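Heads up, input.txt below (compact mmCIF, N, CA and C atoms):
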```txt
# COMPACT_ATOMS: atom_id res chain seq x y z
N MET A 224 2.99 19.10 35.42
CA MET A 224 2.92 17.89 34.62
C MET A 224 2.98 18.28 33.14
N THR A 225 3.88 17.67 32.39
CA THR A 225 4.01 17.94 30.98
C THR A 225 2.98 17.10 30.23
N GLY A 226 2.12 17.76 29.48
CA GLY A 226 1.08 17.04 28.75
C GLY A 226 1.15 17.30 27.26
N MET A 227 0.52 16.43 26.51
CA MET A 227 0.45 16.54 25.06
C MET A 227 -0.93 16.06 24.63
N ARG A 228 -1.53 16.74 23.68
CA ARG A 228 -2.82 16.29 23.16
C ARG A 228 -2.67 14.87 22.62
N ILE A 229 -3.66 14.04 22.90
CA ILE A 229 -3.58 12.63 22.50
C ILE A 229 -3.44 12.50 20.99
N GLU A 230 -4.08 13.39 20.24
CA GLU A 230 -3.98 13.33 18.77
C GLU A 230 -2.54 13.60 18.31
N GLU A 231 -1.86 14.50 19.01
CA GLU A 231 -0.47 14.79 18.67
C GLU A 231 0.43 13.60 18.96
N ALA A 232 0.21 12.98 20.13
CA ALA A 232 1.03 11.83 20.52
C ALA A 232 0.85 10.67 19.54
N VAL A 233 -0.39 10.38 19.19
CA VAL A 233 -0.65 9.29 18.24
C VAL A 233 -0.07 9.64 16.88
N GLY A 234 -0.25 10.88 16.45
CA GLY A 234 0.31 11.31 15.16
C GLY A 234 1.82 11.16 15.10
N LEU A 235 2.50 11.54 16.19
CA LEU A 235 3.96 11.37 16.25
C LEU A 235 4.36 9.90 16.13
N ARG A 236 3.62 9.04 16.83
CA ARG A 236 3.91 7.60 16.78
C ARG A 236 3.71 7.06 15.37
N VAL A 237 2.61 7.45 14.73
CA VAL A 237 2.33 6.97 13.37
C VAL A 237 3.46 7.42 12.44
N ALA A 238 3.83 8.69 12.51
CA ALA A 238 4.89 9.20 11.65
C ALA A 238 6.21 8.47 11.89
N GLY A 239 6.58 8.33 13.16
CA GLY A 239 7.85 7.67 13.48
C GLY A 239 7.89 6.22 13.04
N LEU A 240 6.81 5.50 13.28
CA LEU A 240 6.77 4.08 12.90
C LEU A 240 6.72 3.92 11.38
N ARG A 241 5.98 4.79 10.71
CA ARG A 241 5.91 4.75 9.24
C ARG A 241 7.28 5.01 8.64
N GLU A 242 7.96 6.03 9.14
CA GLU A 242 9.29 6.36 8.63
C GLU A 242 10.28 5.24 8.92
N LEU A 243 10.15 4.62 10.09
CA LEU A 243 11.06 3.54 10.47
C LEU A 243 11.04 2.40 9.45
N ILE A 244 9.86 2.11 8.92
CA ILE A 244 9.77 1.01 7.95
C ILE A 244 9.91 1.49 6.50
N GLY A 245 10.18 2.78 6.33
CA GLY A 245 10.44 3.31 5.00
C GLY A 245 9.20 3.47 4.13
N MET A 246 8.06 3.69 4.75
CA MET A 246 6.80 3.82 4.01
C MET A 246 6.49 5.31 3.82
N SER A 247 6.07 5.69 2.64
CA SER A 247 5.69 7.08 2.39
C SER A 247 4.30 7.35 2.93
N GLN A 248 3.99 8.62 3.09
CA GLN A 248 2.65 9.00 3.53
C GLN A 248 1.61 8.56 2.50
N ALA A 249 1.94 8.72 1.22
CA ALA A 249 1.00 8.33 0.16
C ALA A 249 0.73 6.83 0.20
N HIS A 250 1.77 6.04 0.43
CA HIS A 250 1.60 4.58 0.47
C HIS A 250 0.75 4.17 1.68
N LEU A 251 1.01 4.77 2.84
CA LEU A 251 0.19 4.48 4.02
C LEU A 251 -1.27 4.78 3.73
N GLY A 252 -1.53 5.95 3.14
CA GLY A 252 -2.90 6.34 2.82
C GLY A 252 -3.58 5.35 1.89
N ARG A 253 -2.86 4.90 0.86
CA ARG A 253 -3.44 3.90 -0.07
C ARG A 253 -3.74 2.60 0.64
N GLN A 254 -2.81 2.15 1.49
CA GLN A 254 -3.00 0.89 2.20
C GLN A 254 -4.18 0.94 3.17
N LEU A 255 -4.42 2.09 3.76
CA LEU A 255 -5.55 2.24 4.68
C LEU A 255 -6.88 2.01 3.96
N GLY A 256 -6.90 2.27 2.66
CA GLY A 256 -8.12 2.06 1.88
C GLY A 256 -8.59 0.62 1.87
N GLY A 257 -7.70 -0.32 2.17
CA GLY A 257 -8.09 -1.72 2.24
C GLY A 257 -8.84 -2.07 3.52
N PHE A 258 -8.83 -1.17 4.49
CA PHE A 258 -9.44 -1.44 5.80
C PHE A 258 -10.48 -0.39 6.20
N LEU A 259 -10.46 0.75 5.52
CA LEU A 259 -11.41 1.83 5.80
C LEU A 259 -12.30 2.02 4.57
N PRO A 260 -13.38 2.80 4.69
CA PRO A 260 -14.27 2.97 3.54
C PRO A 260 -13.57 3.48 2.28
N ARG A 261 -12.50 4.25 2.46
CA ARG A 261 -11.75 4.75 1.29
C ARG A 261 -10.31 5.06 1.73
N PRO A 262 -9.39 5.10 0.78
CA PRO A 262 -8.00 5.45 1.12
C PRO A 262 -7.91 6.89 1.63
N TRP A 263 -6.84 7.17 2.35
CA TRP A 263 -6.56 8.53 2.78
C TRP A 263 -5.62 9.17 1.77
N PRO A 264 -5.90 10.40 1.33
CA PRO A 264 -4.91 11.12 0.52
C PRO A 264 -3.67 11.41 1.37
N ARG A 265 -2.55 11.65 0.73
CA ARG A 265 -1.32 11.95 1.45
C ARG A 265 -1.52 13.12 2.41
N GLN A 266 -2.30 14.11 2.01
CA GLN A 266 -2.55 15.28 2.85
C GLN A 266 -3.26 14.88 4.16
N THR A 267 -4.16 13.91 4.11
CA THR A 267 -4.84 13.45 5.32
C THR A 267 -3.85 12.78 6.26
N VAL A 268 -2.94 11.98 5.71
CA VAL A 268 -1.90 11.35 6.53
C VAL A 268 -1.03 12.43 7.16
N TYR A 269 -0.67 13.44 6.39
CA TYR A 269 0.15 14.54 6.88
C TYR A 269 -0.53 15.24 8.06
N VAL A 270 -1.81 15.56 7.90
CA VAL A 270 -2.57 16.23 8.97
C VAL A 270 -2.65 15.33 10.21
N ALA A 271 -2.93 14.04 10.00
CA ALA A 271 -3.03 13.10 11.13
C ALA A 271 -1.71 13.00 11.88
N GLU A 272 -0.61 12.90 11.14
CA GLU A 272 0.70 12.79 11.78
C GLU A 272 1.09 14.07 12.52
N GLY A 273 0.52 15.18 12.11
CA GLY A 273 0.79 16.45 12.78
C GLY A 273 -0.14 16.72 13.97
N GLY A 274 -1.00 15.76 14.28
CA GLY A 274 -1.88 15.91 15.44
C GLY A 274 -3.20 16.58 15.15
N GLY A 275 -3.53 16.76 13.88
CA GLY A 275 -4.74 17.47 13.50
C GLY A 275 -5.94 16.60 13.20
N ARG A 276 -5.90 15.32 13.58
CA ARG A 276 -7.02 14.43 13.31
C ARG A 276 -7.45 13.75 14.59
N LYS A 277 -8.75 13.72 14.82
CA LYS A 277 -9.31 12.96 15.94
C LYS A 277 -9.58 11.55 15.40
N PHE A 278 -8.69 10.62 15.74
CA PHE A 278 -8.75 9.26 15.21
C PHE A 278 -9.96 8.50 15.74
N THR A 279 -10.57 7.72 14.87
CA THR A 279 -11.59 6.77 15.32
C THR A 279 -10.88 5.47 15.70
N VAL A 280 -11.57 4.63 16.43
CA VAL A 280 -11.00 3.33 16.79
C VAL A 280 -10.71 2.54 15.52
N ALA A 281 -11.62 2.57 14.56
CA ALA A 281 -11.41 1.85 13.30
C ALA A 281 -10.14 2.32 12.59
N GLU A 282 -9.90 3.64 12.61
CA GLU A 282 -8.70 4.17 11.98
C GLU A 282 -7.44 3.70 12.70
N LEU A 283 -7.47 3.69 14.03
CA LEU A 283 -6.30 3.22 14.79
C LEU A 283 -6.02 1.75 14.49
N VAL A 284 -7.07 0.95 14.43
CA VAL A 284 -6.89 -0.48 14.12
C VAL A 284 -6.34 -0.63 12.70
N ALA A 285 -6.88 0.11 11.74
CA ALA A 285 -6.40 0.02 10.36
C ALA A 285 -4.93 0.43 10.26
N ILE A 286 -4.56 1.52 10.95
CA ILE A 286 -3.16 1.96 10.93
C ILE A 286 -2.26 0.89 11.52
N ALA A 287 -2.68 0.30 12.63
CA ALA A 287 -1.89 -0.76 13.27
C ALA A 287 -1.72 -1.95 12.33
N ILE A 288 -2.77 -2.31 11.61
CA ILE A 288 -2.68 -3.43 10.66
C ILE A 288 -1.68 -3.10 9.56
N VAL A 289 -1.81 -1.92 8.98
CA VAL A 289 -0.93 -1.52 7.87
C VAL A 289 0.53 -1.44 8.33
N LEU A 290 0.76 -0.93 9.54
CA LEU A 290 2.12 -0.82 10.06
C LEU A 290 2.60 -2.12 10.71
N ASP A 291 1.71 -3.12 10.78
CA ASP A 291 2.02 -4.45 11.30
C ASP A 291 2.53 -4.41 12.75
N LEU A 292 1.69 -3.81 13.60
CA LEU A 292 2.04 -3.75 15.02
C LEU A 292 0.76 -3.71 15.85
N PRO A 293 0.86 -4.01 17.13
CA PRO A 293 -0.32 -3.94 17.99
C PRO A 293 -0.82 -2.50 18.14
N VAL A 294 -2.12 -2.33 18.26
CA VAL A 294 -2.72 -1.01 18.42
C VAL A 294 -2.10 -0.27 19.60
N ALA A 295 -1.77 -0.98 20.67
CA ALA A 295 -1.20 -0.35 21.86
C ALA A 295 0.07 0.44 21.55
N HIS A 296 0.80 0.06 20.51
CA HIS A 296 2.03 0.79 20.16
C HIS A 296 1.74 2.22 19.73
N LEU A 297 0.53 2.47 19.26
CA LEU A 297 0.17 3.82 18.83
C LEU A 297 -0.13 4.73 20.02
N LEU A 298 -0.28 4.15 21.20
CA LEU A 298 -0.65 4.92 22.39
C LEU A 298 0.50 5.12 23.37
N ILE A 299 1.70 4.78 22.97
CA ILE A 299 2.85 4.97 23.85
C ILE A 299 3.21 6.45 23.89
N MET A 300 3.36 6.98 25.09
CA MET A 300 3.65 8.40 25.25
C MET A 300 5.07 8.72 24.84
N PRO A 301 5.25 9.85 24.17
CA PRO A 301 6.60 10.28 23.82
C PRO A 301 7.42 10.57 25.08
N PRO A 302 8.74 10.47 24.98
CA PRO A 302 9.60 10.79 26.13
C PRO A 302 9.33 12.20 26.64
N GLY A 303 9.34 12.33 27.96
CA GLY A 303 9.13 13.63 28.57
C GLY A 303 7.68 14.03 28.76
N VAL A 304 6.77 13.26 28.20
CA VAL A 304 5.34 13.55 28.34
C VAL A 304 4.81 12.73 29.50
N GLU A 305 4.16 13.39 30.43
CA GLU A 305 3.64 12.72 31.62
C GLU A 305 2.16 12.39 31.51
N ALA A 306 1.45 13.07 30.61
CA ALA A 306 0.02 12.82 30.48
C ALA A 306 -0.44 13.16 29.07
N LEU A 307 -1.43 12.42 28.60
CA LEU A 307 -2.07 12.74 27.33
C LEU A 307 -3.33 13.53 27.65
N LEU A 308 -3.47 14.66 26.98
CA LEU A 308 -4.60 15.55 27.21
C LEU A 308 -5.77 15.12 26.35
N LEU A 309 -6.91 14.91 26.97
CA LEU A 309 -8.10 14.44 26.29
C LEU A 309 -8.96 15.62 25.84
N PRO A 310 -9.77 15.45 24.79
CA PRO A 310 -10.56 16.56 24.25
C PRO A 310 -11.47 17.25 25.26
N GLY A 311 -11.99 16.52 26.23
CA GLY A 311 -12.89 17.10 27.22
C GLY A 311 -12.18 17.85 28.33
N GLY A 312 -10.86 17.90 28.29
CA GLY A 312 -10.11 18.62 29.30
C GLY A 312 -9.45 17.72 30.33
N GLY A 313 -9.76 16.44 30.33
CA GLY A 313 -9.13 15.52 31.26
C GLY A 313 -7.74 15.11 30.80
N GLU A 314 -7.06 14.39 31.68
CA GLU A 314 -5.72 13.90 31.38
C GLU A 314 -5.64 12.41 31.64
N ALA A 315 -4.88 11.71 30.83
CA ALA A 315 -4.60 10.29 31.04
C ALA A 315 -3.11 10.16 31.32
N GLY A 316 -2.79 9.82 32.57
CA GLY A 316 -1.39 9.68 32.97
C GLY A 316 -0.80 8.36 32.51
N ARG A 317 0.48 8.19 32.75
CA ARG A 317 1.19 6.98 32.33
C ARG A 317 0.56 5.70 32.86
N GLY A 318 -0.04 5.75 34.04
CA GLY A 318 -0.64 4.55 34.62
C GLY A 318 -1.73 3.95 33.76
N VAL A 319 -2.46 4.78 33.03
CA VAL A 319 -3.53 4.29 32.16
C VAL A 319 -2.95 3.42 31.04
N PHE A 320 -1.74 3.73 30.63
CA PHE A 320 -1.11 3.03 29.51
C PHE A 320 -0.02 2.07 29.97
N GLN A 321 -0.05 1.71 31.23
CA GLN A 321 1.02 0.91 31.82
C GLN A 321 1.29 -0.36 31.03
N GLY A 322 0.27 -1.08 30.61
CA GLY A 322 0.48 -2.32 29.86
C GLY A 322 1.22 -2.08 28.57
N ALA A 323 0.91 -0.99 27.88
CA ALA A 323 1.58 -0.68 26.62
C ALA A 323 2.98 -0.16 26.86
N GLN A 324 3.21 0.47 28.02
CA GLN A 324 4.50 1.09 28.28
C GLN A 324 5.55 0.08 28.75
N GLN A 325 5.13 -1.01 29.35
CA GLN A 325 6.08 -1.97 29.91
C GLN A 325 6.53 -2.96 28.85
N GLU A 326 7.74 -3.46 28.99
CA GLU A 326 8.24 -4.44 28.03
C GLU A 326 7.34 -5.66 27.97
N GLY A 327 6.80 -6.08 29.10
CA GLY A 327 5.92 -7.24 29.11
C GLY A 327 4.68 -7.02 28.27
N GLY A 328 4.24 -5.76 28.14
CA GLY A 328 3.08 -5.43 27.33
C GLY A 328 3.45 -5.11 25.90
N GLY A 329 4.73 -5.13 25.58
CA GLY A 329 5.16 -4.92 24.22
C GLY A 329 5.51 -3.49 23.87
N GLY A 330 5.07 -2.52 24.68
CA GLY A 330 5.25 -1.13 24.33
C GLY A 330 6.70 -0.71 24.21
N LEU A 331 7.47 -0.93 25.24
CA LEU A 331 8.87 -0.52 25.19
C LEU A 331 9.73 -1.51 24.44
N LEU A 332 9.23 -2.69 24.23
CA LEU A 332 10.00 -3.70 23.53
C LEU A 332 10.39 -3.22 22.14
N ILE A 333 9.48 -2.61 21.42
CA ILE A 333 9.81 -2.14 20.08
C ILE A 333 10.90 -1.07 20.14
N SER A 334 10.85 -0.20 21.13
CA SER A 334 11.89 0.82 21.28
C SER A 334 13.23 0.18 21.58
N THR A 335 13.23 -0.84 22.42
CA THR A 335 14.46 -1.54 22.75
C THR A 335 15.05 -2.21 21.51
N VAL A 336 14.20 -2.86 20.73
CA VAL A 336 14.66 -3.53 19.51
C VAL A 336 15.21 -2.51 18.52
N ILE A 337 14.51 -1.40 18.35
CA ILE A 337 14.97 -0.36 17.42
C ILE A 337 16.33 0.18 17.86
N ASN A 338 16.49 0.45 19.14
CA ASN A 338 17.78 0.94 19.64
C ASN A 338 18.89 -0.08 19.42
N GLU A 339 18.58 -1.36 19.66
CA GLU A 339 19.58 -2.41 19.46
C GLU A 339 19.96 -2.54 17.99
N ILE A 340 18.99 -2.41 17.10
CA ILE A 340 19.28 -2.47 15.66
C ILE A 340 20.18 -1.29 15.27
N GLY A 341 19.84 -0.10 15.78
CA GLY A 341 20.66 1.08 15.48
C GLY A 341 22.09 0.92 15.95
N THR A 342 22.26 0.38 17.14
CA THR A 342 23.60 0.14 17.68
C THR A 342 24.35 -0.87 16.83
N ALA A 343 23.66 -1.94 16.43
CA ALA A 343 24.30 -2.97 15.60
C ALA A 343 24.71 -2.41 14.25
N VAL A 344 23.87 -1.58 13.64
CA VAL A 344 24.19 -0.98 12.34
C VAL A 344 25.41 -0.08 12.47
N LYS A 345 25.45 0.74 13.52
CA LYS A 345 26.61 1.62 13.72
C LYS A 345 27.89 0.81 13.90
N SER A 346 27.82 -0.27 14.68
CA SER A 346 29.00 -1.12 14.89
C SER A 346 29.45 -1.73 13.57
N TYR A 347 28.49 -2.20 12.78
CA TYR A 347 28.81 -2.81 11.49
C TYR A 347 29.46 -1.78 10.56
N GLU A 348 28.89 -0.56 10.53
CA GLU A 348 29.44 0.49 9.68
C GLU A 348 30.86 0.85 10.10
N GLU A 349 31.13 0.85 11.39
CA GLU A 349 32.48 1.14 11.88
C GLU A 349 33.44 0.04 11.48
N GLU A 350 32.97 -1.23 11.53
CA GLU A 350 33.82 -2.37 11.16
C GLU A 350 34.22 -2.33 9.70
N ILE A 351 33.26 -2.01 8.82
CA ILE A 351 33.56 -2.06 7.39
C ILE A 351 34.17 -0.76 6.86
N GLY A 352 34.19 0.25 7.74
CA GLY A 352 34.90 1.45 7.52
C GLY A 352 34.36 2.49 6.66
```
Can I see the file as structure tokens?
Amino acid sequence: MTGMRIEEAVGLRVAGLRELIGMSQAHLGRQLGGFLPRPWPRQTVYVAEGGGRKFTVAELVAIAIVLDLPVAHLLIMPPGVEALLLPGGGEAGRGVFQGAQQEGGGGLLISTVINEIGTAVKSYEEEIG
């Protein structure tokens, strides 16, 4: 079973979603200050996105608010990962996150929309030459 530390998986999601909307690490950190006791320096965002931070629930909620998406989107497993490895040595398989992973739960819906936007942009670029 291919596993990934949960902190790494969440960090990858935060980085990918932040980049998708064109937000810098510094801007994300400043915006988090409106929901957490203090803003995060850019270095803290960098460490978190690299999997080096054990997120609190409050931090996950604040990140979701700033990125304007449901918290469940931060828990979607990267492709090829079958389980998220927990700090105590346990594993959380895909079934635990089933609601977030299914289109009905919104998890894959964002991926579908992103792929469709990318396809539309490529088609438009080809049309205008």
What is the distance, in Å and to one decimal place, between atom CA of A:Met300 and atom C of A:Gly316? 8.5 Å
Please put the answer as AutoDock Vina command-line options: centre and edge lengths, in Å with one decimal, of a box along x, y and z that encloses all listed atoms of stretch 227-239 of chain A plus 8 Å on each side.
```
--center_x 1.9 --center_y 11.5 --center_z 19.1 --size_x 28.0 --size_y 26.5 --size_z 30.9
```
Quote the spacing between atom CA of A:Ala306 and atom CA of A:Arg236 in Å to one decimal place.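 Distance between the two atoms: 15.2 Å.
The gap separating atom N of A:Pro264 from atom C of A:Val284 is 15.8 Å, in Å to one decimal.
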Could I get the residues of stretch 252-276 of chain A with an atom no further than 9 Å from an atom of stretch 285-291 of chain A, each paired with its nearest atom pair and that distance in Å to one decimal, using only C-alpha atoms, sorted by chain and residue number, as a Markdown table?
```
| residue | atom | partner | partner_atom | distance |
| --- | --- | --- | --- | --- |
| A:Gln254 | CA | A:Val289 | CA | 6.5 |
| A:Leu255 | CA | A:Ala285 | CA | 6.2 |
| A:Gly256 | CA | A:Ala285 | CA | 8.9 |
| A:Gly257 | CA | A:Ala285 | CA | 8.5 |
| A:Phe258 | CA | A:Ala285 | CA | 5.7 |
| A:Leu259 | CA | A:Ala285 | CA | 7.0 |
```
Can you write out the residues you just picked, keeping N, CA and C atoms, as a PDB file, in the frame of the given file?
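Here's the written file part-v4.pdb:
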```
ATOM      1  N   GLN A 254      -2.810   2.150   1.490  1.00  0.00           N
ATOM      2  CA  GLN A 254      -3.000   0.890   2.200  1.00  0.00           C
ATOM      3  C   GLN A 254      -4.180   0.940   3.170  1.00  0.00           C
ATOM      4  N   LEU A 255      -4.420   2.090   3.760  1.00  0.00           N
ATOM      5  CA  LEU A 255      -5.550   2.240   4.680  1.00  0.00           C
ATOM      6  C   LEU A 255      -6.880   2.010   3.960  1.00  0.00           C
ATOM      7  N   GLY A 256      -6.900   2.270   2.660  1.00  0.00           N
ATOM      8  CA  GLY A 256      -8.120   2.060   1.880  1.00  0.00           C
ATOM      9  C   GLY A 256      -8.590   0.620   1.870  1.00  0.00           C
ATOM     10  N   GLY A 257      -7.700  -0.320   2.170  1.00  0.00           N
ATOM     11  CA  GLY A 257      -8.090  -1.720   2.240  1.00  0.00           C
ATOM     12  C   GLY A 257      -8.840  -2.070   3.520  1.00  0.00           C
ATOM     13  N   PHE A 258      -8.830  -1.170   4.490  1.00  0.00           N
ATOM     14  CA  PHE A 258      -9.440  -1.440   5.800  1.00  0.00           C
ATOM     15  C   PHE A 258     -10.480  -0.390   6.200  1.00  0.00           C
ATOM     16  N   LEU A 259     -10.460   0.750   5.520  1.00  0.00           N
ATOM     17  CA  LEU A 259     -11.410   1.830   5.800  1.00  0.00           C
ATOM     18  C   LEU A 259     -12.300   2.020   4.570  1.00  0.00           C
TER      19      LEU A 259
END
```
Close residues, A:Val237 itself excluded, 8 Å, all atoms listed in the file, min 6 positions apart in chain, as number ranges by chain: A: 231, 243, 271-272, 286, 296-298
Restricting to all atoms listed in the file, whichever of A:Gly312, A:Glu230, A:Leu292, A:Ile244 is closest to A:Lys277 is A:Glu230
Just checking: using only C-alpha atoms, which residue out of A:Gly303, A:Pro262, A:Pro293, A:Gly274 ends up closest to A:Ala232? A:Gly274
As a PyMOL selection string, please: all residues of stretch 247-282 of chain A that backbone DSSP puts in alpha helix (DSSP H). chain A and resi 248-255+265-272+280-282
